[in-house]
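Chemist: Structure in C-alpha cells, see below.
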Amino acid sequence: MDSIKLVMHISNDSQESLKNLFSSIYSVLDTVKQSRVEVVITDRGVINFLKGNVDKYTYETIMELIGSGVKFNVCNI
C-alpha cells in the first residue's frame with residue numbers, strides 16, 4: 001500500500017486521551033510513510049482548543065504534528 005488516509009477523532013481534552021491520540025498518530029506516521037492523518041476535534045475538546053487552553057506539551061506536540069503534515073479540524077456540529 002503506497003498511502004493511507006486516517007481520520008482520528010477526539011471529543012475530550014483529558015491528558016490521557018490526548019497522549020493516546022498523539023501516540024497513535026506517531027505510530028501511523030512511522031509505519032506508513034505516505035500516510036495522511038486528519039484529526040477531528042469535537043465536543044469539549046473544541047472549547048479548549050479554540051480558547052487556547054492547552055498545556056505546553058499539547059501545544060508543542062500539535063505544532064510538531066502540523067509541521068509533519070497532520071491536519072487538525074474542528075467539527076461544526
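As shown in the C-alpha cells, the chain order sets the letters A, B, ...; within each chain, residues go from 1, and ligands are also counted from 1 in the order they appear.
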For Thr61 of chain A, list every protein, DNA or RNA residue within 10 Å, evaluated using only C-alpha atoms, and leave out those in the same chain fewer than 5 positions away; present the list as a ChimeraX atom specification.
Modeler: /A:18-19,22,56,66-67
Chemist: Using only C-alpha atoms, which protein or nucleic acid residues come within 9 Å of Phe72 of chain A? Drop anything in the same chain fewer than 5 positions from it, and give the result as a ChimeraX atom specification.
Modeler: /A:37-41,62,66
Chemist: Write out as a CSV table (one decimal) with N, CA and C atoms, in the first residue's frame the residues lying within 12 Å of Ser35 of chain A, counting only C-alpha atoms and excluding same-chain residues fewer than 2 positions away.
Modeler:
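Written output follows (out_8.csv):
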```csv
chain,number,residue,atom,x,y,z
A,1,MET,N,0.8,-1.2,0.0
A,1,MET,CA,0.0,0.0,0.0
A,1,MET,C,0.9,1.2,0.0
A,2,ASP,N,0.7,2.1,-0.9
A,2,ASP,CA,1.5,3.3,-1.1
A,2,ASP,C,1.1,4.4,-0.1
A,3,SER,N,-0.1,4.6,0.1
A,3,SER,CA,-0.5,5.7,1.0
A,3,SER,C,-1.8,5.3,1.8
A,4,ILE,N,-2.0,6.0,2.9
A,4,ILE,CA,-3.2,5.7,3.7
A,4,ILE,C,-3.7,7.1,4.2
A,5,LYS,N,-5.0,7.3,4.2
A,5,LYS,CA,-5.6,8.4,4.9
A,5,LYS,C,-6.3,7.9,6.1
A,6,LEU,N,-6.0,8.5,7.3
A,6,LEU,CA,-6.6,8.1,8.5
A,6,LEU,C,-7.2,9.3,9.2
A,7,VAL,N,-8.4,9.2,9.5
A,7,VAL,CA,-9.1,10.3,10.2
A,7,VAL,C,-9.3,9.9,11.7
A,25,ILE,N,-1.1,8.7,16.4
A,25,ILE,CA,-0.6,9.5,15.2
A,25,ILE,C,0.8,9.2,14.8
A,26,TYR,N,1.7,9.2,15.8
A,26,TYR,CA,3.1,9.0,15.6
A,26,TYR,C,3.3,7.5,15.1
A,27,SER,N,2.6,6.6,15.6
A,27,SER,CA,2.7,5.2,15.1
A,27,SER,C,2.3,5.1,13.6
A,28,VAL,N,1.2,5.8,13.2
A,28,VAL,CA,0.8,5.7,11.8
A,28,VAL,C,1.9,6.4,11.0
A,29,LEU,N,2.4,7.6,11.4
A,29,LEU,CA,3.4,8.3,10.6
A,29,LEU,C,4.7,7.5,10.5
A,30,ASP,N,5.0,6.7,11.5
A,30,ASP,CA,6.2,5.9,11.5
A,30,ASP,C,6.1,4.7,10.6
A,31,THR,N,4.8,4.1,10.6
A,31,THR,CA,4.6,2.8,9.9
A,31,THR,C,4.3,3.0,8.5
A,32,VAL,N,3.5,4.0,8.1
A,32,VAL,CA,3.1,4.2,6.7
A,32,VAL,C,3.7,5.6,6.3
A,33,LYS,N,4.8,5.6,5.6
A,33,LYS,CA,5.4,6.9,5.3
A,33,LYS,C,4.6,7.8,4.4
A,37,VAL,N,-2.9,12.1,7.8
A,37,VAL,CA,-3.6,12.0,9.0
A,37,VAL,C,-4.4,13.3,9.3
A,38,GLU,N,-5.7,13.1,9.6
A,38,GLU,CA,-6.5,14.3,9.9
A,38,GLU,C,-7.2,14.0,11.3
A,68,SER,N,4.5,18.1,10.4
A,68,SER,CA,4.6,16.8,9.7
A,68,SER,C,3.5,16.6,8.8
A,69,GLY,N,2.6,17.5,8.6
A,69,GLY,CA,1.5,17.4,7.6
A,69,GLY,C,0.2,16.9,8.2
A,70,VAL,N,0.1,16.7,9.5
A,70,VAL,CA,-1.2,16.3,10.1
A,70,VAL,C,-2.1,17.5,10.1
A,71,LYS,N,-3.3,17.3,9.8
A,71,LYS,CA,-4.3,18.4,9.8
A,71,LYS,C,-5.2,18.2,11.0
```
Chemist: How many Å separate atom CA of Asn53 of chain A from atom CA of Arg36 of chain A?
Modeler: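 Computing the Euclidean distance for atom CA of Asn53 of chain A and atom CA of Arg36 of chain A yields 26.4 Å.
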Chemist: A:Leu21, A:Thr42, A:Ser14, A:Tyr57: which is nearest Cys75 of chain A, counting only C-alpha atoms?
Modeler: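 Residue with the minimum atom-to-atom distance to Cys75 of chain A: A:Thr42.
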Chemist: If you measure from atom CA of Gln34 of chain A to atom CA of Glu16 of chain A, what distance in Å do you get, rounded to one decimal?
Modeler: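 If I compute the distance from atom CA of Gln34 of chain A to atom CA of Glu16 of chain A, I get 27.3 Å.
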